[in-house]
Amino acid sequence: MRVSQFLLSTHRETPAEAEVVSHRLMLRAGLIRQLARGIYTWMPLGLRVLRKVERIVREEMNAAGAIELEMPAVQPAELWQESGRWDEFGPELLRLKDRHQRDFCIGPTHEEVVSDIVRQEVKSYRQLPLNLYQIQTKFRDEIRPRFGVMRAREFVMKDAYSFHADPESLERTYRAMFDCYTRIFTRLGLKFRAVAADTGAIGGTGSHEFHVLADSGEDAIAYCPNSDYAANVELAEALAPGPRAKPAAALARVHTPGVKTIAELCAFLGIPAARTVKAVVLEGADGRPVLLMVRGDHELNLSKAAKLEQVKKPVAFSAGESIRSRFGAGPGSLGPVGFKGVVVADHTVAAMSDFVAGANQDDYHYTGVNIGRDFPEPVVADVRNVVAGDASPDGKGQLEIVRGIEVGHVFQLRDKYSKALNLSFLDETGKSRLMEMGCYGIGVTRIVAAAIEQNHDERGIIFPRAMAPFELALVPIGAGKNAQVRATAEALYTDLTAAGIDVLIDDRDERPGVAFADMELIGIPHRVVVGERGLKAGQVEYQGRRDPKAQPVTLQDAVQSVKSKVCADEFV
RNA sequence: CGGGGUGUAGCGCAGCCUGGUAGCGCACUGCGUUCGGGACGCAGGUGUCGGAGGUUCAAAUCCUCUCACCCCGACCA
């Protein structure tokens with residue numbers, strides 16, 4: 001491609017609204033332009049990146065035995081009413097009416113449509129298993145889109161759905177998809193981690209998220225550096241730390257005027273947060289309140305708490321006023337001593353002694369609180385988020401926490417949708433049975449932003465070769481003045497292109513600084529410069545995007561040598 | 001949805017308080033000089049001042065309404 005024939009839309013200045021680095025760079029480099037809140041045009045340069053990501057995803061999905069189809073973005077309400085999600089999905093589902101006042105939605109996902117296809121087309125166990133996928137534009141009316149295409153309302157997703165006669169078959173395809181995703185992110189040149197994820201309301205045996213590692217990621221991932229254990233912090237198990245020490249201090253009621261938070265309590269008493277216990281009151285399943293205790297410096301995990309049989313579903317906090325009327329104290333002064341209801345202690349709390357907790361009276365706390373002595377043994381459960389330094393659940397060391405951007409998710413749906421949408425087939429014995437189902441998503445547009453978060457410097461983007469809009473920038477210097485420079489650059493352009501390299505030649509008659517700055521900003525991983533100076537010595541220059549300096553290459557060797565460099569670092 | 005903020009040329013912004021010919025930098029067009037890290041000079045084009053209504057002799061500026069976009073929060077003790 002020639003810059004003179006392309007639409008390069010780079011900016012020197014960053015648009016004011018962009019917060020994160022990938023968003024800023026994508027705007028400056030002219031990869032995307034915003035049309036409306038959370039809705040973006042993919043400019044020619046950005047589309048090249050997107051297409052390269054799609055190509056790899058498609059190749060690997062096909063290789064893993066999935067079959068591509070394309071389903072409509074606009075979907076009739078009837079299907080969604082049938083699955084129950086017309087009402088469940090909430091305002092994220094963009095609804096509209098056609099000219100006949102019939103209800104439709106823009107598909108945020110395609111379980112309903114694909115299930116409708118499969119229940120019409122698949123009748124026999126002989127047709128199973130089946131894995132169907134598409135790469136398609138979705139719309140989710142997010143509360144707050146942000147970070148450019150990282151969390152956009154309209155985005156491109158690869159979504160796959162598999163159908164099975166039995167759970168074992170589902171398990172096999174699930175593994176195949178897990179491996180497929182691993183290959184995809186590896187080929188894309190990304191640092192990533194597969195992590196065990198919460199299966200949420202659907203339940204089922206398996207769900208993994210694939211995260212691109214980046215400090216700006218919205219998700220926290222706990223992992224063990226000594227093993228392959230990794231889980232979303234929401235899900236990672238917080239183990240019991242050890243036996244409880246014997247009570248040493250006497251229970252004492254302390255006046256703590258105005259103290260509401262753990263930070264205030266620690267400041268007031270001059271103790272570390274790890275000596276305190278904070279309490280949260282939830283509505284209980286049997287109507288009695290449930291008091292959950294976690295250590296002062298720990299964080300309650302509501303999805304874990306929701307799994308307790310004592311807790312009412314869906315989880316509801318006791319409102320501040322009802323807490324006050326029932327316990328005579330506001331939130332911030334609650335504690336286990338004398339609490340009328342169910343008391344649940346986190347494993348860590350269960351191992352604490354002589355701690356500080358609320359006294360169930362405003363402006364008072366107890367010090368020297370001990371389980372068993374001062375209040376009955378509580379229910380012990382894992383109800384907190386893990387923190388760095390916690391023991392890894394596989395016993396192989398201490399957990400560390402990194403941040404990640406979720407770019408893929410594999411999920412065993414089991415029969416949630418086959419039940420709702422009556423996905424049945426006839427087995428070997430002629431009996432009608434429900435299909436097992438899995439779903440597998442990749443955020444294609446989000447991958448581009450995530451890759452930039454992970455790969456950039458002060459000059460701009462550094463694309464991994466596999467998704468770079470072009471693999472090599474060819475920059476002639478002074479081509480307008482020097483016919484030899486021009487002729488050499490043109491010859492190299494022809495030869496390198498013929499050698500299978502995706503070359504962008506900067507044939508504008510710009511000053512060198514402009515050309516270099518543009519090629520670096522848009523993240524082209526390799527660069528060859530042709531200049532009068534080098535040509536006198538029969539040389540051109542090669543420089544990798546991450547290299548500190550250019551190195552000379554003789555003209556005769558140029559094509560071969562450059563090709564080996566372009567192909568060297570990553571596999572595509 | 002709650003709170004805060006911003007809308008003025010393609011991009012970044014000033015002007016608004018105190019009403020009186022709409023500006024600056026970058027970008028863009030032409031000419032010339034320049035040419036290995038975002039050049040310089042001269043000349044030039046570019047605006048429903050987000051929209052509607054109101055006050056006024058006069059509104060980018062004051063008032064009312066409205067729309068769009070951005071940020072923060074929305075599971076906390």
# chains A, B, ... in the order shown; residues from 1 in each chain; ligands from 1

$ residues_around --residues "stretch 267-272 of chain A" --least-positions-apart "4" --cutoff "12 Å" --atoms "only C-alpha atoms (C1' of nucleotides)" --output "list in words"
Val254, His255, Thr256, Pro257, Gly258, Val259, Lys260, Thr261, Ile262, Ala263, Thr276, Val277, Arg295, Gly296, Asp297, Phe355, Val356, Ala357, Asp363, Tyr364, His365, Tyr366 and Thr367 of chain A

$ residues_around --residues "B:G54" --least-positions-apart "4" --cutoff "12 Å" --atoms "only C-alpha atoms (C1' of nucleotides)" --output "VMD selection string"
chain B and resid 59 62 to 65

$ write_last_selection --atoms "N, CA, C and O atoms (P, O5', C5', C4', C3', O3' and C1' of nucleotides)" --output "PDB file, in the first residue's frame"
ATOM      1  P     A B  59     -29.036  40.328  18.947  1.00  0.00           P
ATOM      2  O5'   A B  59     -27.828  40.168  19.966  1.00  0.00           O
ATOM      3  C5'   A B  59     -26.470  40.133  19.524  1.00  0.00           C
ATOM      4  C4'   A B  59     -25.734  39.029  20.252  1.00  0.00           C
ATOM      5  C3'   A B  59     -26.282  37.634  19.994  1.00  0.00           C
ATOM      6  O3'   A B  59     -25.209  36.708  20.099  1.00  0.00           O
ATOM      7  C1'   A B  59     -26.526  38.127  22.270  1.00  0.00           C
ATOM      8  P     C B  62     -23.020  34.641  29.858  1.00  0.00           P
ATOM      9  O5'   C B  62     -24.357  35.427  30.216  1.00  0.00           O
ATOM     10  C5'   C B  62     -24.345  36.501  31.134  1.00  0.00           C
ATOM     11  C4'   C B  62     -25.764  36.972  31.382  1.00  0.00           C
ATOM     12  C3'   C B  62     -26.810  35.864  31.442  1.00  0.00           C
ATOM     13  O3'   C B  62     -26.856  35.264  32.725  1.00  0.00           O
ATOM     14  C1'   C B  62     -27.582  37.584  30.032  1.00  0.00           C
ATOM     15  P     C B  63     -27.284  33.748  32.884  1.00  0.00           P
ATOM     16  O5'   C B  63     -28.857  33.821  32.672  1.00  0.00           O
ATOM     17  C5'   C B  63     -29.694  34.501  33.596  1.00  0.00           C
ATOM     18  C4'   C B  63     -31.137  34.354  33.176  1.00  0.00           C
ATOM     19  C3'   C B  63     -31.568  32.919  32.887  1.00  0.00           C
ATOM     20  O3'   C B  63     -31.917  32.221  34.065  1.00  0.00           O
ATOM     21  C1'   C B  63     -32.279  34.318  31.125  1.00  0.00           C
ATOM     22  P     U B  64     -31.764  30.617  34.118  1.00  0.00           P
ATOM     23  O5'   U B  64     -32.974  30.133  33.212  1.00  0.00           O
ATOM     24  C5'   U B  64     -34.321  30.313  33.643  1.00  0.00           C
ATOM     25  C4'   U B  64     -35.269  29.785  32.594  1.00  0.00           C
ATOM     26  C3'   U B  64     -35.008  28.351  32.139  1.00  0.00           C
ATOM     27  O3'   U B  64     -35.544  27.401  33.034  1.00  0.00           O
ATOM     28  C1'   U B  64     -35.339  29.728  30.249  1.00  0.00           C
ATOM     29  P     C B  65     -34.783  25.979  33.197  1.00  0.00           P
ATOM     30  O5'   C B  65     -35.197  25.229  31.845  1.00  0.00           O
ATOM     31  C5'   C B  65     -36.564  24.901  31.598  1.00  0.00           C
ATOM     32  C4'   C B  65     -36.761  24.557  30.150  1.00  0.00           C
ATOM     33  C3'   C B  65     -35.973  23.358  29.630  1.00  0.00           C
ATOM     34  O3'   C B  65     -36.573  22.129  29.979  1.00  0.00           O
ATOM     35  C1'   C B  65     -35.814  25.127  28.078  1.00  0.00           C
TER      36        C B  65
END

$ residues_around --residues "stretch 50-53 of chain B" --least-positions-apart "3" --cutoff "10 Å" --atoms "only C-alpha atoms (C1' of nucleotides)" --output "short mmCIF file (atom, residue, chain, number, x, y, z; two decimals) with C-alpha atoms (C1' of nucleotides), in the first residue's frame"
data_model
loop_
_atom_site.label_atom_id
_atom_site.label_comp_id
_atom_site.auth_asym_id
_atom_site.auth_seq_id
_atom_site.Cartn_x
_atom_site.Cartn_y
_atom_site.Cartn_z
"C1'" G B 7 -20.11 22.31 23.79
"C1'" U B 8 -16.82 28.47 19.58
"C1'" U B 64 -35.34 29.73 30.25
"C1'" C B 65 -35.81 25.13 28.08
"C1'" U B 66 -33.53 21.36 25.36
"C1'" C B 67 -29.82 18.12 23.01
"C1'" A B 68 -25.01 15.96 22.71
#

$ closest_atom_pairs --of "chain B" --to "chain A" --cutoff "8 Å" --atoms "only C-alpha atoms (C1' of nucleotides)" --output "Markdown table"
| residue | atom | partner | partner_atom | distance |
| --- | --- | --- | --- | --- |
| B:C11 | C1' | A:Glu13 | CA | 6.6 |
| B:G12 | C1' | A:Glu13 | CA | 6.5 |
| B:C26 | C1' | A:Arg12 | CA | 7.8 |
| B:C35 | C1' | A:Arg511 | CA | 6.0 |
| B:G36 | C1' | A:Pro512 | CA | 6.3 |
| B:G37 | C1' | A:Gly513 | CA | 3.9 |
| B:G38 | C1' | A:Val514 | CA | 4.8 |
| B:C69 | C1' | A:Arg37 | CA | 7.3 |
| B:C70 | C1' | A:Glu17 | CA | 5.7 |
| B:C75 | C1' | A:Leu302 | CA | 7.6 |
| B:A77 | C1' | A:Gly332 | CA | 4.8 |

$ closest_residue --among "B:G19, B:G30, B:C76, B:G25" --to "B:U55" --atoms "only C-alpha atoms (C1' of nucleotides)"
B:G19

$ residues_around --residues "B:G45" --least-positions-apart "3" --cutoff "12 Å" --atoms "only C-alpha atoms (C1' of nucleotides)" --output "ChimeraX atom specification"
/B:9,28-30

$ select_by_dssp --residues "stretch 225-419 of chain A" --states "strand (DSSP E)" --output "VMD selection string"
chain A and resid 230 to 232 252 to 255 277 to 282 290 to 295 342 to 346 355 to 358 364 to 369 379 to 381 400 to 414

$ residues_around --residues "A:Asp215" --least-positions-apart "6" --cutoff "12 Å" --atoms "only C-alpha atoms (C1' of nucleotides)" --output "list in words"
Val20, Val21, Ile221, Ile401, Val402, Arg403, Gly404, Ile405, Ala450, Ile452, Glu453, Gln454 and Asn455 of chain A

$ atom_distance --atom1 "atom CA of A:Gly523" --atom2 "atom CA of A:Leu35"
23.6 Å

$ select_by_dssp --residues "stretch 492-546 of chain A" --states "alpha helix (DSSP H)" --output "PyMOL selection string"
chain A and resi 492-498+512-521+532-536

$ write_last_selection --atoms "N, CA, C and O atoms" --output "mmCIF file, in the first residue's frame"
data_model
loop_
_atom_site.group_PDB
_atom_site.id
_atom_site.type_symbol
_atom_site.label_atom_id
_atom_site.label_comp_id
_atom_site.auth_asym_id
_atom_site.auth_seq_id
_atom_site.Cartn_x
_atom_site.Cartn_y
_atom_site.Cartn_z
ATOM 1 N N LEU A 492 12.449 -1.751 -4.029
ATOM 2 C CA LEU A 492 12.329 -2.496 -2.769
ATOM 3 C C LEU A 492 10.859 -2.773 -2.445
ATOM 4 O O LEU A 492 10.504 -3.851 -1.973
ATOM 5 N N TYR A 493 10.034 -1.776 -2.704
ATOM 6 C CA TYR A 493 8.600 -1.940 -2.443
ATOM 7 C C TYR A 493 8.055 -3.125 -3.236
ATOM 8 O O TYR A 493 7.367 -3.987 -2.697
ATOM 9 N N THR A 494 8.404 -3.173 -4.494
ATOM 10 C CA THR A 494 7.955 -4.268 -5.355
ATOM 11 C C THR A 494 8.491 -5.610 -4.850
ATOM 12 O O THR A 494 7.743 -6.582 -4.711
ATOM 13 N N ASP A 495 9.783 -5.645 -4.542
ATOM 14 C CA ASP A 495 10.408 -6.908 -4.154
ATOM 15 C C ASP A 495 9.931 -7.401 -2.786
ATOM 16 O O ASP A 495 9.674 -8.590 -2.603
ATOM 17 N N LEU A 496 9.831 -6.486 -1.831
ATOM 18 C CA LEU A 496 9.400 -6.896 -0.483
ATOM 19 C C LEU A 496 7.946 -7.357 -0.508
ATOM 20 O O LEU A 496 7.570 -8.324 0.159
ATOM 21 N N THR A 497 7.127 -6.649 -1.282
ATOM 22 C CA THR A 497 5.733 -7.061 -1.422
ATOM 23 C C THR A 497 5.660 -8.449 -2.058
ATOM 24 O O THR A 497 4.900 -9.314 -1.612
ATOM 25 N N ALA A 498 6.478 -8.635 -3.088
ATOM 26 C CA ALA A 498 6.504 -9.944 -3.763
ATOM 27 C C ALA A 498 6.987 -11.032 -2.816
ATOM 28 O O ALA A 498 6.611 -12.199 -2.955
ATOM 29 N N PRO A 512 11.397 13.907 6.719
ATOM 30 C CA PRO A 512 11.604 12.604 7.381
ATOM 31 C C PRO A 512 10.941 12.517 8.754
ATOM 32 O O PRO A 512 10.349 11.489 9.094
ATOM 33 N N GLY A 513 11.013 13.589 9.512
ATOM 34 C CA GLY A 513 10.446 13.559 10.866
ATOM 35 C C GLY A 513 8.969 13.228 10.852
ATOM 36 O O GLY A 513 8.474 12.487 11.697
ATOM 37 N N VAL A 514 8.267 13.796 9.891
ATOM 38 C CA VAL A 514 6.832 13.547 9.781
ATOM 39 C C VAL A 514 6.573 12.074 9.472
ATOM 40 O O VAL A 514 5.739 11.420 10.095
ATOM 41 N N ALA A 515 7.326 11.565 8.522
ATOM 42 C CA ALA A 515 7.142 10.163 8.125
ATOM 43 C C ALA A 515 7.449 9.221 9.289
ATOM 44 O O ALA A 515 6.668 8.306 9.580
ATOM 45 N N PHE A 516 8.573 9.450 9.943
ATOM 46 C CA PHE A 516 8.946 8.580 11.073
ATOM 47 C C PHE A 516 7.883 8.624 12.164
ATOM 48 O O PHE A 516 7.467 7.592 12.696
ATOM 49 N N ALA A 517 7.468 9.832 12.494
ATOM 50 C CA ALA A 517 6.497 9.990 13.578
ATOM 51 C C ALA A 517 5.197 9.255 13.252
ATOM 52 O O ALA A 517 4.625 8.575 14.103
ATOM 53 N N ASP A 518 4.746 9.378 12.016
ATOM 54 C CA ASP A 518 3.503 8.699 11.619
ATOM 55 C C ASP A 518 3.641 7.179 11.680
ATOM 56 O O ASP A 518 2.786 6.485 12.210
ATOM 57 N N MET A 519 4.724 6.671 11.128
ATOM 58 C CA MET A 519 4.901 5.220 11.070
ATOM 59 C C MET A 519 5.039 4.627 12.478
ATOM 60 O O MET A 519 4.587 3.515 12.740
ATOM 61 N N GLU A 520 5.643 5.397 13.378
ATOM 62 C CA GLU A 520 5.773 4.928 14.754
ATOM 63 C C GLU A 520 4.440 5.014 15.484
ATOM 64 O O GLU A 520 4.061 4.099 16.211
ATOM 65 N N LEU A 521 3.740 6.111 15.279
ATOM 66 C CA LEU A 521 2.455 6.293 15.944
ATOM 67 C C LEU A 521 1.478 5.168 15.596
ATOM 68 O O LEU A 521 0.791 4.635 16.469
ATOM 69 N N GLU A 532 19.720 9.031 0.659
ATOM 70 C CA GLU A 532 20.891 9.327 -0.174
ATOM 71 C C GLU A 532 22.180 8.909 0.518
ATOM 72 O O GLU A 532 23.064 8.310 -0.082
ATOM 73 N N ARG A 533 22.234 9.228 1.822
ATOM 74 C CA ARG A 533 23.428 8.951 2.617
ATOM 75 C C ARG A 533 23.807 7.473 2.568
ATOM 76 O O ARG A 533 24.948 7.117 2.308
ATOM 77 N N GLY A 534 22.812 6.623 2.812
ATOM 78 C CA GLY A 534 23.073 5.191 2.828
ATOM 79 C C GLY A 534 23.381 4.645 1.446
ATOM 80 O O GLY A 534 24.259 3.796 1.272
ATOM 81 N N LEU A 535 22.657 5.157 0.464
ATOM 82 C CA LEU A 535 22.822 4.625 -0.894
ATOM 83 C C LEU A 535 24.241 4.815 -1.417
ATOM 84 O O LEU A 535 24.740 4.002 -2.192
ATOM 85 N N LYS A 536 24.904 5.899 -0.978
ATOM 86 C CA LYS A 536 26.290 6.123 -1.402
ATOM 87 C C LYS A 536 27.167 4.950 -1.012
ATOM 88 O O LYS A 536 28.130 4.617 -1.669
#

$ residues_around --residues "A:Val553" --least-positions-apart "6" --cutoff "7 Å" --atoms "only C-alpha atoms (C1' of nucleotides)" --output "list of chain:residue names"
A:Gln539, A:Val540, A:Glu541, A:Tyr542

$ residues_around --residues "A:Asn226" --least-positions-apart "3" --cutoff "12 Å" --atoms "only C-alpha atoms (C1' of nucleotides)" --output "PDB file with N, CA, C and O atoms, in the first residue's frame"
ATOM      1  N   TYR A 223      -3.345 -15.158  40.814  1.00  0.00           N
ATOM      2  CA  TYR A 223      -2.673 -16.298  40.214  1.00  0.00           C
ATOM      3  C   TYR A 223      -1.532 -16.742  41.104  1.00  0.00           C
ATOM      4  O   TYR A 223      -1.032 -15.994  41.944  1.00  0.00           O
ATOM      5  N   TYR A 229      -2.324 -22.113  38.391  1.00  0.00           N
ATOM      6  CA  TYR A 229      -3.574 -21.679  39.002  1.00  0.00           C
ATOM      7  C   TYR A 229      -3.800 -20.195  38.723  1.00  0.00           C
ATOM      8  O   TYR A 229      -2.908 -19.374  38.924  1.00  0.00           O
ATOM      9  N   ALA A 230      -4.994 -19.870  38.243  1.00  0.00           N
ATOM     10  CA  ALA A 230      -5.371 -18.473  38.058  1.00  0.00           C
ATOM     11  C   ALA A 230      -6.880 -18.387  38.128  1.00  0.00           C
ATOM     12  O   ALA A 230      -7.580 -19.224  37.588  1.00  0.00           O
ATOM     13  N   ALA A 391      -2.721 -17.799  50.611  1.00  0.00           N
ATOM     14  CA  ALA A 391      -2.243 -19.087  50.127  1.00  0.00           C
ATOM     15  C   ALA A 391      -3.003 -19.468  48.860  1.00  0.00           C
ATOM     16  O   ALA A 391      -4.214 -19.279  48.767  1.00  0.00           O
ATOM     17  N   SER A 392      -2.276 -19.995  47.884  1.00  0.00           N
ATOM     18  CA  SER A 392      -2.924 -20.476  46.661  1.00  0.00           C
ATOM     19  C   SER A 392      -3.745 -21.715  46.988  1.00  0.00           C
ATOM     20  O   SER A 392      -3.295 -22.585  47.731  1.00  0.00           O
ATOM     21  N   PRO A 393      -4.951 -21.807  46.451  1.00  0.00           N
ATOM     22  CA  PRO A 393      -5.811 -22.958  46.753  1.00  0.00           C
ATOM     23  C   PRO A 393      -5.188 -24.295  46.351  1.00  0.00           C
ATOM     24  O   PRO A 393      -5.571 -25.335  46.888  1.00  0.00           O
ATOM     25  N   ASP A 394      -4.232 -24.278  45.437  1.00  0.00           N
ATOM     26  CA  ASP A 394      -3.607 -25.551  45.055  1.00  0.00           C
ATOM     27  C   ASP A 394      -2.410 -25.866  45.943  1.00  0.00           C
ATOM     28  O   ASP A 394      -1.685 -26.833  45.706  1.00  0.00           O
ATOM     29  N   GLY A 395      -2.186 -25.018  46.959  1.00  0.00           N
ATOM     30  CA  GLY A 395      -1.146 -25.303  47.935  1.00  0.00           C
ATOM     31  C   GLY A 395       0.263 -25.124  47.425  1.00  0.00           C
ATOM     32  O   GLY A 395       1.216 -25.587  48.037  1.00  0.00           O
ATOM     33  N   LYS A 396       0.418 -24.414  46.285  1.00  0.00           N
ATOM     34  CA  LYS A 396       1.742 -24.335  45.697  1.00  0.00           C
ATOM     35  C   LYS A 396       2.403 -22.981  45.873  1.00  0.00           C
ATOM     36  O   LYS A 396       3.317 -22.630  45.134  1.00  0.00           O
ATOM     37  N   GLY A 397       1.924 -22.200  46.833  1.00  0.00           N
ATOM     38  CA  GLY A 397       2.583 -20.922  47.084  1.00  0.00           C
ATOM     39  C   GLY A 397       1.584 -19.849  47.435  1.00  0.00           C
ATOM     40  O   GLY A 397       0.446 -20.135  47.790  1.00  0.00           O
ATOM     41  N   GLN A 398       2.038 -18.612  47.313  1.00  0.00           N
ATOM     42  CA  GLN A 398       1.180 -17.492  47.655  1.00  0.00           C
ATOM     43  C   GLN A 398       0.630 -16.828  46.398  1.00  0.00           C
ATOM     44  O   GLN A 398       1.338 -16.707  45.402  1.00  0.00           O
ATOM     45  N   LEU A 399      -0.598 -16.384  46.498  1.00  0.00           N
ATOM     46  CA  LEU A 399      -1.234 -15.743  45.349  1.00  0.00           C
ATOM     47  C   LEU A 399      -0.655 -14.363  45.106  1.00  0.00           C
ATOM     48  O   LEU A 399      -0.302 -13.647  46.034  1.00  0.00           O
ATOM     49  N   GLU A 400      -0.580 -14.014  43.818  1.00  0.00           N
ATOM     50  CA  GLU A 400      -0.296 -12.635  43.447  1.00  0.00           C
ATOM     51  C   GLU A 400      -1.488 -12.127  42.647  1.00  0.00           C
ATOM     52  O   GLU A 400      -2.265 -12.915  42.123  1.00  0.00           O
TER      53      GLU A 400
END

$ atom_distance --atom1 "atom CA of A:Glu171" --atom2 "atom CA of A:Met61"
16.8 Å

$ atom_distance --atom1 "atom CA of A:Ala248" --atom2 "atom CA of A:Asn370"
9.0 Å

$ decode --residues "stretch 248-263 of chain A" --atoms "N, CA, C and O atoms" --output "short mmCIF file (atom, residue, chain, number, x, y, z; two decimals), in the first residue's frame"
data_model
loop_
_atom_site.label_atom_id
_atom_site.label_comp_id
_atom_site.auth_asym_id
_atom_site.auth_seq_id
_atom_site.Cartn_x
_atom_site.Cartn_y
_atom_site.Cartn_z
N ALA A 248 -6.60 -13.84 74.97
CA ALA A 248 -5.64 -13.29 75.92
C ALA A 248 -6.20 -12.04 76.59
O ALA A 248 -5.83 -11.70 77.70
N ALA A 249 -7.08 -11.35 75.89
CA ALA A 249 -7.59 -10.08 76.40
C ALA A 249 -9.03 -10.25 76.88
O ALA A 249 -9.75 -11.13 76.43
N ALA A 250 -9.38 -9.39 77.81
CA ALA A 250 -10.76 -9.39 78.30
C ALA A 250 -11.62 -8.57 77.36
O ALA A 250 -11.15 -7.63 76.73
N LEU A 251 -12.90 -8.92 77.28
CA LEU A 251 -13.84 -8.17 76.46
C LEU A 251 -14.06 -6.80 77.11
O LEU A 251 -14.32 -6.71 78.32
N ALA A 252 -13.92 -5.74 76.31
CA ALA A 252 -14.10 -4.40 76.88
C ALA A 252 -14.91 -3.54 75.93
O ALA A 252 -14.70 -3.55 74.72
N ARG A 253 -15.87 -2.82 76.48
CA ARG A 253 -16.71 -1.93 75.68
C ARG A 253 -16.04 -0.56 75.68
O ARG A 253 -15.73 0.00 76.73
N VAL A 254 -15.79 -0.03 74.48
CA VAL A 254 -15.03 1.21 74.35
C VAL A 254 -15.90 2.27 73.69
O VAL A 254 -16.57 2.00 72.69
N HIS A 255 -15.87 3.46 74.24
CA HIS A 255 -16.61 4.58 73.64
C HIS A 255 -15.83 5.09 72.43
O HIS A 255 -14.66 5.46 72.54
N THR A 256 -16.45 5.05 71.27
CA THR A 256 -15.79 5.47 70.03
C THR A 256 -16.65 6.50 69.31
O THR A 256 -17.28 6.21 68.29
N PRO A 257 -16.71 7.71 69.84
CA PRO A 257 -17.64 8.70 69.29
C PRO A 257 -17.36 9.03 67.83
O PRO A 257 -16.22 9.30 67.46
N GLY A 258 -18.40 8.97 67.04
CA GLY A 258 -18.31 9.39 65.64
C GLY A 258 -17.59 8.41 64.73
O GLY A 258 -17.44 8.67 63.54
N VAL A 259 -17.13 7.28 65.28
CA VAL A 259 -16.38 6.33 64.46
C VAL A 259 -17.34 5.47 63.64
O VAL A 259 -18.20 4.79 64.19
N LYS A 260 -17.21 5.56 62.30
CA LYS A 260 -18.13 4.81 61.44
C LYS A 260 -17.40 3.80 60.55
O LYS A 260 -17.90 2.73 60.26
N THR A 261 -16.20 4.14 60.12
CA THR A 261 -15.50 3.28 59.17
C THR A 261 -14.32 2.59 59.85
O THR A 261 -13.89 2.99 60.94
N ILE A 262 -13.81 1.57 59.17
CA ILE A 262 -12.65 0.85 59.70
C ILE A 262 -11.45 1.80 59.82
O ILE A 262 -10.72 1.77 60.80
N ALA A 263 -11.31 2.67 58.80
CA ALA A 263 -10.17 3.60 58.83
C ALA A 263 -10.25 4.50 60.07
O ALA A 263 -9.25 4.74 60.75
#
